[in-house]
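Notes to accompany the following structure.
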Amino acid sequence: MTASWERCIRLNEPLKTKPFVVAVALAVLGLLLGFYRELSGLGYVTGLNDGYSWGLFKNWNVTALTAFGSGGYAVAVLTWIYNERKFHPIMRTAVLTSLLGYGSGMLALGFDVGRPWNFVWLAYPKTWNHYSVLWEVAVCMTSYFLLALDVENMPPFLEKMYRSGSGEQKMRAVKIFRFLQNIFPFLIALAFVLPSMHQASLGELMYLAGPRVHPLWQSPMLPLLYLMMAYILGFACVLLVLALSAYVWELGWDREILGRLALWMAGTALVWAAFRFGDLAYRGVLGDAVKFDRFSIFFLAEEALVIVPALLLLSKARRESPGSLFRLTFLISIGGLLYRFTPTSLAFSPLGDYRYFPSVFEILMSVGFTALAVALFLYAVKTFAILPATKGKIAAEEAMRPFDTL
Amino acid sequence: MDVNRRDILKALMSGSALAAMTTAGAPVAKAGAGDPVPPLPDAMGLMYDATVCIGCRACMPACQNANGLKPDLGASGGLYMQPDSLNAHTKNLIKLYVAADGHERSFMKQQCMHCVDPACVSGCPMKALHKEPHGVVGWNPTVCIGCRYCQIACPFNIPKFEWDKVNPKIVKCELCRHIVGKTVSQPACTQVCPTHAVIYGKRSDLLAEAHLRIKAKPGFYFEDRVYGETEGGGTQCLVLSHVDYSKLGLPKLGKESPAAQTRRVSEFIYRGFLTPVVAYAGIVGIVRNRWREHLKHTHPAGGDEAQGEEKKA
């Protein structure tokens, strides 16, 4: 079963499969509901109210799922800063999950804000509130998406353009590629600094809410814990995507790459847990963790889901077994997403008698935005050279790689 | 391969040089961004004394009229204005608290507290919520993106949102800033209050008055203190009552505003804007070496495939 991934190939598979059709249908439904929301107002489509004014879109699609979409950022740090060169073959998969994860989150945000036309003011520095954490998130996320993620995902597109374009297009592809080669280090650095800033800020957002967030989560350490969780979930997302792809499309299983990535994930998760408990102890609220009320149960579930799989993954045998690697990574993802989701929702208590549960339309929209990312992923891996493959598969696809540096 | 010492040194040097260049011209966060904000000397506000309020609710329709809000008939069945909480049609609400035993009771006037250092203003990404002259917290529809972070941030749960509108507004008391000083001298609620339970004035004068009342009747007001003097960094609307303030829906807040605490965390991380700039420069330094190394691996002969392709094409 073991094999070594060399570099990326385009999947030579039919696009219109059942999962693709389902994903497209869900995405279309979500977008149609989104347009209905623009014509009707938020109250008709969502379960949001004046107490819980942030719901599924911001708390799940943006705060939780963009952490899941941090794979491009997290794996790039290993590849370029820790110089783990073995990760190069999976970089394209990683940056694609980031592009789609962030794109889907920002789409949700676009439908969530009440007065989206005023986004034009983001181009006018006089209206910026530099002290606003949300301003920092908005600017950083947008610029990361537009400046770094887009460009990081260019090479597969340029290859395609080179391969199937006219002579003039071939020239243009090469020109753009050479330009990218020159600015690439500056982009990588941008793709490190910007997500570091806004993933930390996503945590700091809730610090302003002060006592409205339960003390098990409310902490000045939120920025650091959120940032570290972005790494853990980023690794987890890339692992899950690669494991599923390898299983579905028989790409082989590169033990070294996947095992090493899982070790990074488990290690980061344990360091995170140490900071998490250290913070609780320092603030003297460890007692709240064992009260076995609603908050304590969510907290214990979250810690168990992160820590137990991380400890199990310290065993080399488990990391090398595709089944246990997938299952344990899946559990860590649930725990991590729960941590990113909770401070904005489950642990948030406004004054007064307010209840919130997402409406059916809201859930359909939220699912639709995610389904859009899945559909685009399926399209991308069957159109461009994204997924890593073994030598045997590469031979058949050699013509896809006119220039190979990324 | 590891970076050698010279490379790191070079990266750090270019980092600090770049940082110096950028910070010299760029707007840097004021020194002490996390320091407590003192109230403006001419800060205006309200003082509501629940022990004087007779619960006539005259201030409520006055507020609706002055602000052009349509009455919320709520639970009344259609005849009376009867909102059950602050909402998109109600900026001002008189509530009655009755203890379970029925003995302890107090009215409560719920509205924007016009914090000295408001969380909503600190959090608003676009300066839509902002401090007007006299420290009044105003809302500007021209730049508001409707993100509703103000609703998440406000410890008093005051800003409300028009959930049923395509062009939704944030609704909250703005101390009648559109008429005070122009056609009238004080907000609608204080103007109509028959017992002067709520009065309008300079925050410093109102505080002095509150302390006079507490001094005149020691042990009468709850803990002999006025709510809003220090809570959450202080508010410009003050409340006096003989009942525990937390029972009236006023949260227990520390002396420091959450806004100042959050700014301090930001300042700790960003150091003006120095951290991201230095990090960026340092990483460019590291990645440039990695990149050169990577090109050597993918183009072992030092040749340039892309260049070759270009010539062929």
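Chain lettering (A, B, ...) mirrors the order of the structure tokens, residue numbering begins at 1 for each chain separately, and ligand numbering begins at 1 in order of display.
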Up to 6 Å from chain A, what residues of chain B turn up? Count only C-alpha atoms and give them as a PyMOL selection string. chain B and resi 122-127+143+145-147+153+160+163-166+258+262+280+283-284+287-288+298+306
Would you export the selected residues with C-alpha atoms as a JSON list (two decimals), in the first residue's frame, please?
```json
[["chain", "number", "residue", "atom", "x", "y", "z"],
["B", 122, "SER", "CA", -13.98, 50.31, 19.70],
["B", 123, "GLY", "CA", -15.20, 47.28, 17.76],
["B", 124, "CYS", "CA", -16.94, 48.99, 14.84],
["B", 125, "PRO", "CA", -14.71, 48.34, 11.81],
["B", 126, "MET", "CA", -15.88, 51.39, 9.86],
["B", 127, "LYS", "CA", -16.31, 54.12, 12.50],
["B", 143, "VAL", "CA", -20.45, 53.65, 6.38],
["B", 145, "ILE", "CA", -21.71, 47.47, 6.81],
["B", 146, "GLY", "CA", -24.25, 45.80, 9.10],
["B", 147, "CYS", "CA", -21.77, 43.34, 10.62],
["B", 153, "ALA", "CA", -19.64, 43.70, 21.97],
["B", 160, "LYS", "CA", -30.76, 46.65, 17.86],
["B", 163, "TRP", "CA", -33.96, 42.17, 10.90],
["B", 164, "ASP", "CA", -36.91, 42.53, 8.53],
["B", 165, "LYS", "CA", -35.41, 45.25, 6.31],
["B", 166, "VAL", "CA", -33.41, 45.03, 3.09],
["B", 258, "PRO", "CA", -13.48, 45.76, 27.73],
["B", 262, "THR", "CA", -8.87, 44.54, 24.02],
["B", 280, "TYR", "CA", 7.39, 39.88, 7.06],
["B", 283, "ILE", "CA", 10.38, 35.58, 6.53],
["B", 284, "VAL", "CA", 11.19, 37.08, 3.15],
["B", 287, "VAL", "CA", 12.14, 32.08, 2.13],
["B", 288, "ARG", "CA", 14.42, 33.67, -0.47],
["B", 298, "THR", "CA", 13.93, 21.32, -9.62],
["B", 306, "ALA", "CA", 10.80, 27.79, -18.66]]
```
Among the residues of segment 79-235 of chain B, find those DSSP assigns to alpha helix (DSSP H) from the backbone and print them as a PyMOL selection string. chain B and resi 119-123+149-153+188-192+203-216
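The environment of segment 60-69 of chain A within 8 Å, counting only C-alpha atoms and disregarding residues fewer than 5 places along the same chain, consists of Gly55, Thr97, Ser98, Leu99, Leu100, Gly101, Tyr102, Ser104, Gly105, Met106, Ala108, Leu109, Gln199, Leu202, Met229, Ala230, Tyr231, Leu233, Gly234, Ala236, Cys237, Leu337, Leu338, Arg340, Phe341, Ser366 and Thr370 of chain A.
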Using N, CA and C atoms, can you write the selected residues to a file as a PDB file, in the first residue's frame?
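Result went into out-v2.pdb, see below:
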```
ATOM      1  N   GLY A  55     -24.677  34.184  13.912  1.00  0.00           N
ATOM      2  CA  GLY A  55     -25.119  32.799  13.921  1.00  0.00           C
ATOM      3  C   GLY A  55     -24.231  31.909  13.090  1.00  0.00           C
ATOM      4  N   THR A  97      -7.196  23.866  -0.903  1.00  0.00           N
ATOM      5  CA  THR A  97      -8.196  23.808   0.173  1.00  0.00           C
ATOM      6  C   THR A  97      -8.324  25.170   0.853  1.00  0.00           C
ATOM      7  N   SER A  98      -7.216  25.904   0.959  1.00  0.00           N
ATOM      8  CA  SER A  98      -7.274  27.230   1.570  1.00  0.00           C
ATOM      9  C   SER A  98      -8.081  28.196   0.723  1.00  0.00           C
ATOM     10  N   LEU A  99      -7.784  28.195  -0.580  1.00  0.00           N
ATOM     11  CA  LEU A  99      -8.509  29.107  -1.474  1.00  0.00           C
ATOM     12  C   LEU A  99     -10.007  28.851  -1.373  1.00  0.00           C
ATOM     13  N   LEU A 100     -10.386  27.580  -1.408  1.00  0.00           N
ATOM     14  CA  LEU A 100     -11.808  27.244  -1.403  1.00  0.00           C
ATOM     15  C   LEU A 100     -12.424  27.473  -0.022  1.00  0.00           C
ATOM     16  N   GLY A 101     -11.681  27.123   1.032  1.00  0.00           N
ATOM     17  CA  GLY A 101     -12.191  27.336   2.389  1.00  0.00           C
ATOM     18  C   GLY A 101     -12.436  28.804   2.663  1.00  0.00           C
ATOM     19  N   TYR A 102     -11.453  29.639   2.325  1.00  0.00           N
ATOM     20  CA  TYR A 102     -11.601  31.078   2.549  1.00  0.00           C
ATOM     21  C   TYR A 102     -12.670  31.660   1.637  1.00  0.00           C
ATOM     22  N   SER A 104     -15.282  30.239   0.389  1.00  0.00           N
ATOM     23  CA  SER A 104     -16.597  29.857   0.901  1.00  0.00           C
ATOM     24  C   SER A 104     -16.957  30.675   2.147  1.00  0.00           C
ATOM     25  N   GLY A 105     -15.983  30.876   3.040  1.00  0.00           N
ATOM     26  CA  GLY A 105     -16.231  31.666   4.244  1.00  0.00           C
ATOM     27  C   GLY A 105     -16.562  33.110   3.914  1.00  0.00           C
ATOM     28  N   MET A 106     -15.823  33.685   2.960  1.00  0.00           N
ATOM     29  CA  MET A 106     -16.056  35.093   2.630  1.00  0.00           C
ATOM     30  C   MET A 106     -17.386  35.269   1.915  1.00  0.00           C
ATOM     31  N   ALA A 108     -20.044  33.460   2.619  1.00  0.00           N
ATOM     32  CA  ALA A 108     -21.002  33.441   3.725  1.00  0.00           C
ATOM     33  C   ALA A 108     -21.047  34.805   4.405  1.00  0.00           C
ATOM     34  N   LEU A 109     -19.869  35.389   4.617  1.00  0.00           N
ATOM     35  CA  LEU A 109     -19.788  36.701   5.261  1.00  0.00           C
ATOM     36  C   LEU A 109     -20.512  37.752   4.425  1.00  0.00           C
ATOM     37  N   GLN A 199      -6.051  35.060  11.760  1.00  0.00           N
ATOM     38  CA  GLN A 199      -6.493  33.904  12.544  1.00  0.00           C
ATOM     39  C   GLN A 199      -6.401  34.210  14.040  1.00  0.00           C
ATOM     40  N   LEU A 202      -9.346  36.607  14.856  1.00  0.00           N
ATOM     41  CA  LEU A 202     -10.651  35.955  14.972  1.00  0.00           C
ATOM     42  C   LEU A 202     -10.909  35.548  16.423  1.00  0.00           C
ATOM     43  N   MET A 229      -4.899  26.732  16.830  1.00  0.00           N
ATOM     44  CA  MET A 229      -5.935  25.826  16.347  1.00  0.00           C
ATOM     45  C   MET A 229      -6.056  25.906  14.825  1.00  0.00           C
ATOM     46  N   ALA A 230      -5.743  27.074  14.253  1.00  0.00           N
ATOM     47  CA  ALA A 230      -5.759  27.183  12.794  1.00  0.00           C
ATOM     48  C   ALA A 230      -4.709  26.255  12.187  1.00  0.00           C
ATOM     49  N   TYR A 231      -3.541  26.172  12.836  1.00  0.00           N
ATOM     50  CA  TYR A 231      -2.523  25.233  12.359  1.00  0.00           C
ATOM     51  C   TYR A 231      -3.032  23.798  12.451  1.00  0.00           C
ATOM     52  N   LEU A 233      -6.055  22.563  12.678  1.00  0.00           N
ATOM     53  CA  LEU A 233      -7.152  22.258  11.757  1.00  0.00           C
ATOM     54  C   LEU A 233      -6.688  22.320  10.305  1.00  0.00           C
ATOM     55  N   GLY A 234      -5.741  23.199  10.015  1.00  0.00           N
ATOM     56  CA  GLY A 234      -5.199  23.256   8.659  1.00  0.00           C
ATOM     57  C   GLY A 234      -4.524  21.943   8.284  1.00  0.00           C
ATOM     58  N   ALA A 236      -5.124  19.115   9.693  1.00  0.00           N
ATOM     59  CA  ALA A 236      -6.168  18.086   9.696  1.00  0.00           C
ATOM     60  C   ALA A 236      -6.926  18.086   8.373  1.00  0.00           C
ATOM     61  N   CYS A 237      -7.260  19.285   7.886  1.00  0.00           N
ATOM     62  CA  CYS A 237      -8.034  19.367   6.649  1.00  0.00           C
ATOM     63  C   CYS A 237      -7.235  18.777   5.486  1.00  0.00           C
ATOM     64  N   LEU A 337     -12.820  22.162  15.654  1.00  0.00           N
ATOM     65  CA  LEU A 337     -13.898  23.009  15.135  1.00  0.00           C
ATOM     66  C   LEU A 337     -14.831  23.422  16.274  1.00  0.00           C
ATOM     67  N   LEU A 338     -15.028  22.505  17.226  1.00  0.00           N
ATOM     68  CA  LEU A 338     -15.856  22.838  18.387  1.00  0.00           C
ATOM     69  C   LEU A 338     -15.218  23.986  19.162  1.00  0.00           C
ATOM     70  N   ARG A 340     -13.216  26.333  18.010  1.00  0.00           N
ATOM     71  CA  ARG A 340     -13.300  27.581  17.257  1.00  0.00           C
ATOM     72  C   ARG A 340     -14.739  28.113  17.213  1.00  0.00           C
ATOM     73  N   PHE A 341     -15.707  27.217  17.334  1.00  0.00           N
ATOM     74  CA  PHE A 341     -17.104  27.589  17.189  1.00  0.00           C
ATOM     75  C   PHE A 341     -17.682  28.104  18.516  1.00  0.00           C
ATOM     76  N   SER A 366     -25.732  27.643   4.642  1.00  0.00           N
ATOM     77  CA  SER A 366     -24.414  27.333   5.182  1.00  0.00           C
ATOM     78  C   SER A 366     -23.845  26.070   4.521  1.00  0.00           C
ATOM     79  N   THR A 370     -20.500  25.535   1.701  1.00  0.00           N
ATOM     80  CA  THR A 370     -19.478  24.497   1.828  1.00  0.00           C
ATOM     81  C   THR A 370     -19.508  23.566   0.613  1.00  0.00           C
TER      82      THR A 370
END
```
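Computed from the coordinates, the atom CA of Ala94 of chain A to atom CA of Tyr339 of chain A distance equals 22.1 Å.
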Looking at A:Cys140, A:Leu11, A:Leu261, A:Ala25, which one is nearest to Val374 of chain A, with distances taken over only C-alpha atoms? A:Ala25
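Distances here use only C-alpha atoms; by that measure, the residue among B:Met60, B:Cys150, B:Leu40, B:Ile158 closest to Leu86 of chain B is B:Ile158.
Shell of segment 90-106 of chain B at 7 Å, with only C-alpha atoms counted and residues fewer than 3 places along the chain excluded, is B:Ala50, B:Gly55, B:Arg57, B:Met60, B:Cys63, B:Leu86, B:Asn87, B:Lys109, B:Gln110, B:Gln111, B:Val171, B:Lys172, B:Cys173, B:Val243, B:Leu248.
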Restrict the selected residues to C-alpha atoms and save them as a PDB file, in the first residue's frame.
```
ATOM      1  CA  ALA B  50     -35.481  54.652  39.933  1.00  0.00           C
ATOM      2  CA  GLY B  55     -43.474  54.247  35.889  1.00  0.00           C
ATOM      3  CA  ARG B  57     -43.854  55.641  30.706  1.00  0.00           C
ATOM      4  CA  MET B  60     -41.499  56.166  25.804  1.00  0.00           C
ATOM      5  CA  CYS B  63     -38.888  59.051  22.456  1.00  0.00           C
ATOM      6  CA  LEU B  86     -35.665  47.147  23.369  1.00  0.00           C
ATOM      7  CA  ASN B  87     -36.011  46.467  19.654  1.00  0.00           C
ATOM      8  CA  LYS B 109     -35.069  52.755  32.340  1.00  0.00           C
ATOM      9  CA  GLN B 110     -33.330  50.751  29.651  1.00  0.00           C
ATOM     10  CA  GLN B 111     -31.453  52.556  26.883  1.00  0.00           C
ATOM     11  CA  VAL B 171     -31.255  51.380  16.256  1.00  0.00           C
ATOM     12  CA  LYS B 172     -30.202  52.755  19.625  1.00  0.00           C
ATOM     13  CA  CYS B 173     -30.572  55.877  21.727  1.00  0.00           C
ATOM     14  CA  VAL B 243     -32.413  47.483  44.374  1.00  0.00           C
ATOM     15  CA  LEU B 248     -32.322  45.457  37.082  1.00  0.00           C
TER      16      LEU B 248
END
```
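With distances restricted to only C-alpha atoms, A:Thr93 is the closest residue to Pro156 of chain A from A:Thr93, A:Ala274, A:Arg318, A:Tyr144.
When only C-alpha atoms are used to compute distances to Ser85 of chain B, the closest of the residues A:Phe275, A:Tyr354, A:Phe384, A:Tyr379 turns out to be A:Tyr354.
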Write out as number ranges by chain all residues of segment 34-218 of chain B that backbone DSSP assigns to strand (DSSP E or B). B: 44-49, 87, 90, 93-98, 105-110, 115, 129-131, 137-139, 160-161, 170-171, 180, 184, 198-202
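Among the candidates B:Gly135, B:Met44, B:Pro276, B:Leu238, the one nearest to Pro195 of chain A when counting only C-alpha atoms is B:Pro276.
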Tell me which protein, DNA and RNA residues are within 8 Å of Cys8 of chain A, counting only C-alpha atoms, leaving out same-chain ones fewer than 4 positions away, and put them as a PyMOL selection string. chain A and resi 89-90+92+385-389+394
Can I get the selection written as a PDB file, in the first residue's frame, with C-alpha atoms?
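Now in again.pdb:
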```
ATOM      1  CA  PRO A  89       4.086  17.401  -3.592  1.00  0.00           C
ATOM      2  CA  ILE A  90       1.102  18.180  -1.339  1.00  0.00           C
ATOM      3  CA  ARG A  92      -0.952  22.374  -4.324  1.00  0.00           C
ATOM      4  CA  ALA A 385      -2.583  19.050 -11.804  1.00  0.00           C
ATOM      5  CA  ILE A 386      -3.330  19.327  -8.073  1.00  0.00           C
ATOM      6  CA  LEU A 387      -3.262  15.964  -6.313  1.00  0.00           C
ATOM      7  CA  PRO A 388       0.037  14.203  -5.602  1.00  0.00           C
ATOM      8  CA  ALA A 389       0.767  10.908  -7.335  1.00  0.00           C
ATOM      9  CA  ILE A 394       3.017  10.594 -13.351  1.00  0.00           C
TER      10      ILE A 394
END
```
For Phe220 of chain B, find every residue with an atom within 9 Å (counting only C-alpha atoms), except residues of its own chain fewer than 4 positions away, and show them as number ranges by chain. B: 214, 224, 241-242
Need to verify the contact set: Tyr245 of chain B, 10 Å, only C-alpha atoms, exclusion of same-chain residues closer than 3 positions in sequence. Can you return it as number ranges by chain? B: 106, 108, 222-223, 226-227, 239-242, 248-252
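Across the structure, atom CA of Cys176 of chain B and atom CA of Tyr200 of chain B are spaced 11.3 Å apart.
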My list of candidates is A:Val290, A:Leu325, A:Met265, A:Leu227. Which is closest to Val75 of chain A when distances are computed with only C-alpha atoms? A:Met265
